[in-house]
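Participant: Structure file final_31.cif, mmCIF, N, CA and C atoms, is pasted below:
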data_target
loop_
_atom_site.group_PDB
_atom_site.id
_atom_site.type_symbol
_atom_site.label_atom_id
_atom_site.label_comp_id
_atom_site.auth_asym_id
_atom_site.auth_seq_id
_atom_site.Cartn_x
_atom_site.Cartn_y
_atom_site.Cartn_z
ATOM 1 N N MET A 777 -4.603 13.488 15.998
ATOM 2 C CA MET A 777 -5.807 12.990 15.369
ATOM 3 C C MET A 777 -5.480 12.557 13.951
ATOM 4 N N THR A 778 -5.847 11.325 13.598
ATOM 5 C CA THR A 778 -5.550 10.833 12.262
ATOM 6 C C THR A 778 -6.694 11.138 11.323
ATOM 7 N N ARG A 779 -6.353 11.213 10.052
ATOM 8 C CA ARG A 779 -7.355 11.501 9.032
ATOM 9 C C ARG A 779 -7.429 10.325 8.078
ATOM 10 N N GLN A 780 -8.614 9.825 7.842
ATOM 11 C CA GLN A 780 -8.786 8.694 6.941
ATOM 12 C C GLN A 780 -9.392 9.182 5.637
ATOM 13 N N LEU A 781 -8.798 8.728 4.529
ATOM 14 C CA LEU A 781 -9.330 9.084 3.223
ATOM 15 C C LEU A 781 -10.595 8.288 2.961
ATOM 16 N N GLU A 782 -11.549 8.896 2.313
ATOM 17 C CA GLU A 782 -12.785 8.213 1.963
ATOM 18 C C GLU A 782 -12.945 8.204 0.460
ATOM 19 N N LEU A 783 -13.410 7.085 -0.051
ATOM 20 C CA LEU A 783 -13.666 6.964 -1.475
ATOM 21 C C LEU A 783 -15.130 7.259 -1.751
ATOM 22 N N PRO A 784 -15.423 7.979 -2.831
ATOM 23 C CA PRO A 784 -16.816 8.292 -3.162
ATOM 24 C C PRO A 784 -17.476 7.085 -3.843
ATOM 25 N N LEU A 785 -17.888 6.097 -3.050
ATOM 26 C CA LEU A 785 -18.411 4.863 -3.614
ATOM 27 C C LEU A 785 -19.902 4.897 -3.894
ATOM 28 N N GLY A 786 -20.592 5.847 -3.368
ATOM 29 C CA GLY A 786 -22.029 5.937 -3.624
ATOM 30 C C GLY A 786 -22.817 4.896 -2.848
ATOM 31 N N GLU A 787 -24.023 4.680 -3.244
ATOM 32 C CA GLU A 787 -24.933 3.793 -2.537
ATOM 33 C C GLU A 787 -24.598 2.318 -2.723
ATOM 34 N N ARG A 788 -24.090 1.918 -3.900
ATOM 35 C CA ARG A 788 -23.918 0.508 -4.220
ATOM 36 C C ARG A 788 -22.710 -0.126 -3.551
ATOM 37 N N GLY A 789 -21.790 0.648 -3.022
ATOM 38 C CA GLY A 789 -20.616 0.079 -2.406
ATOM 39 C C GLY A 789 -19.485 -0.198 -3.382
ATOM 40 N N GLU A 790 -19.638 0.236 -4.614
ATOM 41 C CA GLU A 790 -18.573 0.083 -5.596
ATOM 42 C C GLU A 790 -18.671 1.192 -6.624
ATOM 43 N N ALA A 791 -17.573 1.399 -7.335
ATOM 44 C CA ALA A 791 -17.563 2.454 -8.353
ATOM 45 C C ALA A 791 -18.428 2.038 -9.533
ATOM 46 N N PRO A 792 -19.130 2.975 -10.132
ATOM 47 C CA PRO A 792 -19.917 2.653 -11.322
ATOM 48 C C PRO A 792 -19.030 2.105 -12.431
ATOM 49 N N ARG A 793 -19.573 1.230 -13.265
ATOM 50 C CA ARG A 793 -18.795 0.569 -14.330
ATOM 51 C C ARG A 793 -18.132 1.583 -15.261
ATOM 52 N N ALA A 794 -18.783 2.671 -15.579
ATOM 53 C CA ALA A 794 -18.216 3.652 -16.505
ATOM 54 C C ALA A 794 -16.904 4.220 -15.973
ATOM 55 N N GLU A 795 -16.786 4.363 -14.655
ATOM 56 C CA GLU A 795 -15.566 4.905 -14.071
ATOM 57 C C GLU A 795 -14.463 3.865 -13.987
ATOM 58 N N ARG A 796 -14.817 2.583 -13.994
ATOM 59 C CA ARG A 796 -13.813 1.547 -13.858
ATOM 60 C C ARG A 796 -13.088 1.260 -15.162
ATOM 61 N N SER A 797 -13.646 1.621 -16.285
ATOM 62 C CA SER A 797 -13.055 1.257 -17.571
ATOM 63 C C SER A 797 -11.663 1.827 -17.768
ATOM 64 N N GLY A 798 -11.303 2.879 -17.049
ATOM 65 C CA GLY A 798 -9.991 3.489 -17.223
ATOM 66 C C GLY A 798 -8.982 3.075 -16.179
ATOM 67 N N GLU A 799 -9.225 1.967 -15.470
ATOM 68 C CA GLU A 799 -8.294 1.552 -14.436
ATOM 69 C C GLU A 799 -6.928 1.250 -15.021
ATOM 70 N N ALA A 800 -5.900 1.570 -14.262
ATOM 71 C CA ALA A 800 -4.537 1.276 -14.692
ATOM 72 C C ALA A 800 -4.294 -0.216 -14.592
ATOM 73 N N SER A 801 -3.583 -0.771 -15.559
ATOM 74 C CA SER A 801 -3.278 -2.188 -15.532
ATOM 75 C C SER A 801 -2.162 -2.499 -14.553
ATOM 76 N N ARG A 802 -1.311 -1.531 -14.275
ATOM 77 C CA ARG A 802 -0.272 -1.687 -13.273
ATOM 78 C C ARG A 802 -0.047 -0.350 -12.605
ATOM 79 N N ALA A 803 0.537 -0.377 -11.434
ATOM 80 C CA ALA A 803 0.644 0.823 -10.620
ATOM 81 C C ALA A 803 1.440 1.928 -11.287
ATOM 82 N N GLY A 804 2.494 1.609 -12.011
ATOM 83 C CA GLY A 804 3.369 2.627 -12.565
ATOM 84 C C GLY A 804 3.007 3.075 -13.961
ATOM 85 N N SER A 805 1.909 2.586 -14.504
ATOM 86 C CA SER A 805 1.578 2.947 -15.882
ATOM 87 C C SER A 805 1.046 4.365 -15.965
ATOM 88 N N ASP A 806 1.288 4.999 -17.073
ATOM 89 C CA ASP A 806 0.792 6.349 -17.300
ATOM 90 C C ASP A 806 -0.191 6.274 -18.457
ATOM 91 N N ASP A 807 -1.420 5.833 -18.157
ATOM 92 C CA ASP A 807 -2.413 5.635 -19.207
ATOM 93 C C ASP A 807 -3.425 6.767 -19.263
ATOM 94 N N GLY A 808 -3.101 7.892 -18.618
ATOM 95 C CA GLY A 808 -4.004 9.022 -18.662
ATOM 96 C C GLY A 808 -4.983 9.083 -17.503
ATOM 97 N N CYS A 809 -4.988 8.105 -16.624
ATOM 98 C CA CYS A 809 -5.873 8.121 -15.453
ATOM 99 C C CYS A 809 -5.325 9.139 -14.467
ATOM 100 N N ALA A 810 -5.987 10.234 -14.329
ATOM 101 C CA ALA A 810 -5.521 11.263 -13.414
ATOM 102 C C ALA A 810 -5.546 10.749 -11.991
ATOM 103 N N GLY A 811 -4.433 10.861 -11.296
ATOM 104 C CA GLY A 811 -4.380 10.524 -9.893
ATOM 105 C C GLY A 811 -4.015 9.088 -9.573
ATOM 106 N N THR A 812 -4.003 8.183 -10.540
ATOM 107 C CA THR A 812 -3.698 6.789 -10.246
ATOM 108 C C THR A 812 -2.293 6.641 -9.692
ATOM 109 N N ASP A 813 -1.306 7.191 -10.377
ATOM 110 C CA ASP A 813 0.075 7.101 -9.911
ATOM 111 C C ASP A 813 0.262 7.864 -8.605
ATOM 112 N N HIS A 814 -0.369 9.007 -8.499
ATOM 113 C CA HIS A 814 -0.207 9.833 -7.308
ATOM 114 C C HIS A 814 -0.796 9.165 -6.072
ATOM 115 N N LEU A 815 -1.863 8.424 -6.221
ATOM 116 C CA LEU A 815 -2.471 7.743 -5.076
ATOM 117 C C LEU A 815 -1.510 6.703 -4.521
ATOM 118 N N LEU A 816 -0.921 5.891 -5.371
ATOM 119 C CA LEU A 816 0.020 4.881 -4.901
ATOM 120 C C LEU A 816 1.253 5.531 -4.285
ATOM 121 N N GLU A 817 1.698 6.634 -4.849
ATOM 122 C CA GLU A 817 2.829 7.347 -4.257
ATOM 123 C C GLU A 817 2.492 7.790 -2.840
ATOM 124 N N ARG A 818 1.268 8.237 -2.613
ATOM 125 C CA ARG A 818 0.851 8.637 -1.263
ATOM 126 C C ARG A 818 0.785 7.432 -0.331
ATOM 127 N N VAL A 819 0.347 6.300 -0.860
ATOM 128 C CA VAL A 819 0.237 5.085 -0.050
ATOM 129 C C VAL A 819 1.607 4.658 0.476
ATOM 130 N N VAL A 820 2.656 4.766 -0.353
ATOM 131 C CA VAL A 820 3.987 4.297 0.050
ATOM 132 C C VAL A 820 4.841 5.385 0.704
ATOM 133 N N GLU A 821 4.267 6.521 1.033
ATOM 134 C CA GLU A 821 5.009 7.572 1.728
ATOM 135 C C GLU A 821 5.454 7.084 3.099
ATOM 136 N N ARG A 822 6.562 7.618 3.560
ATOM 137 C CA ARG A 822 7.151 7.211 4.845
ATOM 138 C C ARG A 822 6.157 7.270 6.002
ATOM 139 N N GLY A 823 5.390 8.338 6.106
ATOM 140 C CA GLY A 823 4.434 8.475 7.206
ATOM 141 C C GLY A 823 3.370 7.380 7.189
ATOM 142 N N ASN A 824 2.879 7.036 6.000
ATOM 143 C CA ASN A 824 1.895 5.967 5.899
ATOM 144 C C ASN A 824 2.510 4.629 6.263
ATOM 145 N N LEU A 825 3.753 4.408 5.847
ATOM 146 C CA LEU A 825 4.454 3.175 6.194
ATOM 147 C C LEU A 825 4.626 3.069 7.706
ATOM 148 N N GLN A 826 5.003 4.157 8.341
ATOM 149 C CA GLN A 826 5.198 4.145 9.795
ATOM 150 C C GLN A 826 3.891 3.866 10.533
ATOM 151 N N ARG A 827 2.796 4.473 10.070
ATOM 152 C CA ARG A 827 1.498 4.217 10.713
ATOM 153 C C ARG A 827 1.061 2.770 10.531
ATOM 154 N N ALA A 828 1.282 2.226 9.340
ATOM 155 C CA ALA A 828 0.907 0.838 9.073
ATOM 156 C C ALA A 828 1.738 -0.113 9.940
ATOM 157 N N LEU A 829 3.025 0.138 10.039
ATOM 158 C CA LEU A 829 3.893 -0.703 10.863
ATOM 159 C C LEU A 829 3.456 -0.646 12.334
ATOM 160 N N LYS A 830 3.124 0.525 12.803
ATOM 161 C CA LYS A 830 2.686 0.666 14.194
ATOM 162 C C LYS A 830 1.420 -0.151 14.451
ATOM 163 N N ARG A 831 0.480 -0.135 13.506
ATOM 164 C CA ARG A 831 -0.761 -0.911 13.664
ATOM 165 C C ARG A 831 -0.479 -2.406 13.672
ATOM 166 N N VAL A 832 0.421 -2.840 12.794
ATOM 167 C CA VAL A 832 0.782 -4.262 12.752
ATOM 168 C C VAL A 832 1.421 -4.666 14.081
ATOM 169 N N GLN A 833 2.313 -3.821 14.601
ATOM 170 C CA GLN A 833 2.968 -4.127 15.871
ATOM 171 C C GLN A 833 1.957 -4.168 17.022
ATOM 172 N N GLN A 834 0.998 -3.259 17.024
ATOM 173 C CA GLN A 834 -0.014 -3.242 18.080
ATOM 174 C C GLN A 834 -0.905 -4.482 18.029
ATOM 175 N N ASN A 835 -1.178 -4.978 16.824
ATOM 176 C CA ASN A 835 -2.041 -6.148 16.668
ATOM 177 C C ASN A 835 -1.335 -7.451 17.033
ATOM 178 N N GLN A 836 -0.003 -7.457 17.022
ATOM 179 C CA GLN A 836 0.787 -8.652 17.324
ATOM 180 C C GLN A 836 0.234 -9.884 16.620
ATOM 181 N N GLY A 837 0.055 -9.759 15.311
ATOM 182 C CA GLY A 837 -0.498 -10.852 14.522
ATOM 183 C C GLY A 837 0.459 -12.016 14.361
ATOM 184 N N SER A 838 -0.041 -13.067 13.782
ATOM 185 C CA SER A 838 0.750 -14.267 13.493
ATOM 186 C C SER A 838 1.702 -13.991 12.336
ATOM 187 N N PRO A 839 2.756 -14.806 12.218
ATOM 188 C CA PRO A 839 3.663 -14.644 11.076
ATOM 189 C C PRO A 839 2.915 -14.809 9.758
ATOM 190 N N GLY A 840 3.420 -14.141 8.729
ATOM 191 C CA GLY A 840 2.812 -14.239 7.408
ATOM 192 C C GLY A 840 3.175 -15.546 6.733
ATOM 193 N N GLY A 841 2.758 -15.694 5.502
ATOM 194 C CA GLY A 841 3.035 -16.895 4.732
ATOM 195 C C GLY A 841 4.516 -17.162 4.557
ATOM 196 N N ASP A 842 5.323 -16.102 4.658
ATOM 197 C CA ASP A 842 6.774 -16.255 4.526
ATOM 198 C C ASP A 842 7.443 -16.554 5.856
ATOM 199 N N GLY A 843 6.651 -16.644 6.944
ATOM 200 C CA GLY A 843 7.196 -16.971 8.261
ATOM 201 C C GLY A 843 7.745 -15.779 9.019
ATOM 202 N N MET A 844 7.670 -14.570 8.464
ATOM 203 C CA MET A 844 8.221 -13.392 9.127
ATOM 204 C C MET A 844 7.317 -12.968 10.282
ATOM 205 N N THR A 845 7.944 -12.749 11.436
ATOM 206 C CA THR A 845 7.193 -12.313 12.608
ATOM 207 C C THR A 845 7.094 -10.791 12.636
ATOM 208 N N VAL A 846 6.218 -10.298 13.493
ATOM 209 C CA VAL A 846 6.062 -8.857 13.669
ATOM 210 C C VAL A 846 7.376 -8.245 14.157
ATOM 211 N N ASP A 847 8.103 -8.979 14.995
ATOM 212 C CA ASP A 847 9.373 -8.469 15.514
ATOM 213 C C ASP A 847 10.445 -8.373 14.430
ATOM 214 N N ASP A 848 10.367 -9.250 13.426
ATOM 215 C CA ASP A 848 11.351 -9.235 12.338
ATOM 216 C C ASP A 848 11.065 -8.153 11.296
ATOM 217 N N LEU A 849 9.834 -7.678 11.248
ATOM 218 C CA LEU A 849 9.405 -6.771 10.185
ATOM 219 C C LEU A 849 10.170 -5.449 10.122
ATOM 220 N N PRO A 850 10.389 -4.735 11.239
ATOM 221 C CA PRO A 850 11.097 -3.443 11.122
ATOM 222 C C PRO A 850 12.484 -3.564 10.494
ATOM 223 N N GLY A 851 13.252 -4.562 10.898
ATOM 224 C CA GLY A 851 14.590 -4.751 10.327
ATOM 225 C C GLY A 851 14.528 -5.089 8.843
ATOM 226 N N HIS A 852 13.570 -5.935 8.486
ATOM 227 C CA HIS A 852 13.400 -6.308 7.082
ATOM 228 C C HIS A 852 13.061 -5.073 6.241
ATOM 229 N N LEU A 853 12.160 -4.255 6.752
ATOM 230 C CA LEU A 853 11.770 -3.054 6.007
ATOM 231 C C LEU A 853 12.924 -2.055 5.898
ATOM 232 N N ARG A 854 13.703 -1.904 6.973
ATOM 233 C CA ARG A 854 14.859 -0.994 6.903
ATOM 234 C C ARG A 854 15.809 -1.425 5.781
ATOM 235 N N GLU A 855 16.009 -2.726 5.647
ATOM 236 C CA GLU A 855 16.948 -3.238 4.655
ATOM 237 C C GLU A 855 16.370 -3.271 3.244
ATOM 238 N N HIS A 856 15.094 -3.617 3.112
ATOM 239 C CA HIS A 856 14.533 -3.898 1.797
ATOM 240 C C HIS A 856 13.507 -2.885 1.286
ATOM 241 N N TRP A 857 13.116 -1.906 2.108
ATOM 242 C CA TRP A 857 12.040 -1.007 1.699
ATOM 243 C C TRP A 857 12.309 -0.274 0.387
ATOM 244 N N PRO A 858 13.507 0.261 0.134
ATOM 245 C CA PRO A 858 13.695 0.975 -1.144
ATOM 246 C C PRO A 858 13.369 0.100 -2.363
ATOM 247 N N THR A 859 13.770 -1.164 -2.320
ATOM 248 C CA THR A 859 13.494 -2.072 -3.434
ATOM 249 C C THR A 859 12.008 -2.397 -3.509
ATOM 250 N N ILE A 860 11.405 -2.690 -2.360
ATOM 251 C CA ILE A 860 9.972 -3.020 -2.332
ATOM 252 C C ILE A 860 9.154 -1.840 -2.856
ATOM 253 N N LYS A 861 9.480 -0.637 -2.399
ATOM 254 C CA LYS A 861 8.755 0.556 -2.823
ATOM 255 C C LYS A 861 8.867 0.756 -4.329
ATOM 256 N N ALA A 862 10.076 0.616 -4.861
ATOM 257 C CA ALA A 862 10.281 0.791 -6.304
ATOM 258 C C ALA A 862 9.470 -0.239 -7.088
ATOM 259 N N GLN A 863 9.440 -1.481 -6.607
ATOM 260 C CA GLN A 863 8.670 -2.517 -7.284
ATOM 261 C C GLN A 863 7.171 -2.245 -7.196
ATOM 262 N N LEU A 864 6.705 -1.766 -6.054
ATOM 263 C CA LEU A 864 5.282 -1.422 -5.922
ATOM 264 C C LEU A 864 4.898 -0.332 -6.913
ATOM 265 N N LEU A 865 5.723 0.709 -6.999
ATOM 266 C CA LEU A 865 5.429 1.823 -7.895
ATOM 267 C C LEU A 865 5.520 1.427 -9.365
ATOM 268 N N ALA A 866 6.379 0.442 -9.663
ATOM 269 C CA ALA A 866 6.534 -0.019 -11.046
ATOM 270 C C ALA A 866 5.494 -1.082 -11.409
ATOM 271 N N GLY A 867 4.780 -1.588 -10.399
ATOM 272 C CA GLY A 867 3.790 -2.635 -10.654
ATOM 273 C C GLY A 867 4.397 -4.006 -10.833
ATOM 274 N N THR A 868 5.621 -4.205 -10.315
ATOM 275 C CA THR A 868 6.306 -5.483 -10.491
ATOM 276 C C THR A 868 6.508 -6.248 -9.195
ATOM 277 N N TYR A 869 6.002 -5.758 -8.076
ATOM 278 C CA TYR A 869 6.223 -6.408 -6.776
ATOM 279 C C TYR A 869 5.541 -7.769 -6.729
ATOM 280 N N GLN A 870 6.291 -8.767 -6.256
ATOM 281 C CA GLN A 870 5.754 -10.111 -6.033
ATOM 282 C C GLN A 870 6.043 -10.485 -4.586
ATOM 283 N N PRO A 871 5.023 -10.645 -3.749
ATOM 284 C CA PRO A 871 5.275 -10.992 -2.337
ATOM 285 C C PRO A 871 5.877 -12.390 -2.224
ATOM 286 N N HIS A 872 6.685 -12.579 -1.173
ATOM 287 C CA HIS A 872 7.268 -13.893 -0.897
ATOM 288 C C HIS A 872 6.210 -14.806 -0.330
ATOM 289 N N GLN A 873 6.316 -16.087 -0.658
ATOM 290 C CA GLN A 873 5.326 -17.041 -0.147
ATOM 291 C C GLN A 873 5.977 -18.209 0.503
#
What is this file in structure tokens?

Facilitator:
Amino acid sequence: MTRQLELPLGERGEAPRAERSGEASRAGSDDGCAGTDHLLERVVERGNLQRALKRVQQNQGSPGGDGMTVDDLPGHLREHWPTIKAQLLAGTYQPHQ
């Protein structure tokens, strides 16, 4: 059984403006926002990556803007994931187009 995280968005469907003022400008910044860095670290954990890849494979979607197919994705991730992960955590990742 999988567990999905829920955000406390309230009635309006978005966070109140007062809570948004402290958003991090990039993923790896340490600006005092408790939990910002830790949330992204959880997102890029191996288990989350494996679940996301499995969903993409089950959906058999069309190739992305870079032309990569679903079948090519596992090999690409095996080779490039450490670099991609580091860039995501540092806030410097730029997707290929």

Participant: Atom N of Ala866 in chain A and CA of Lys830 in chain A are how many Å apart?

Facilitator: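 Answer for the atom N of Ala866 in chain A to CA of Lys830 in chain A separation: 24.1 Å.
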
Participant: Could you write out as a PyMOL selection string the residues that the PyMOL selection byres (((chain A and resi 822-826 and name CA) around 12) and name CA) matches in the shown file?

Facilitator: chain A and resi 778-781+815-821+827-833+849-850+853-854+857-858+860-861

Participant: In Å to one decimal, how far is CA of Thr845 in chain A from CA of Gln870 in chain A?

Facilitator: 18.8 Å

Participant: What gap, in Å, lies between CA of His852 in chain A and atom C of Gln834 in chain A?

Facilitator: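 Going from CA of His852 in chain A over to atom C of Gln834 in chain A covers 18.1 Å.
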
Participant: Listed atoms of range 841-860 of chain A, axis-aligned box, 3 Å per side: centre and edge lengths to one decimal in Å, as AutoDock Vina command-line options?

Facilitator:
--center_x 9.9 --center_y -8.1 --center_z 6.0 --size_x 20.2 --size_y 24.1 --size_z 25.0
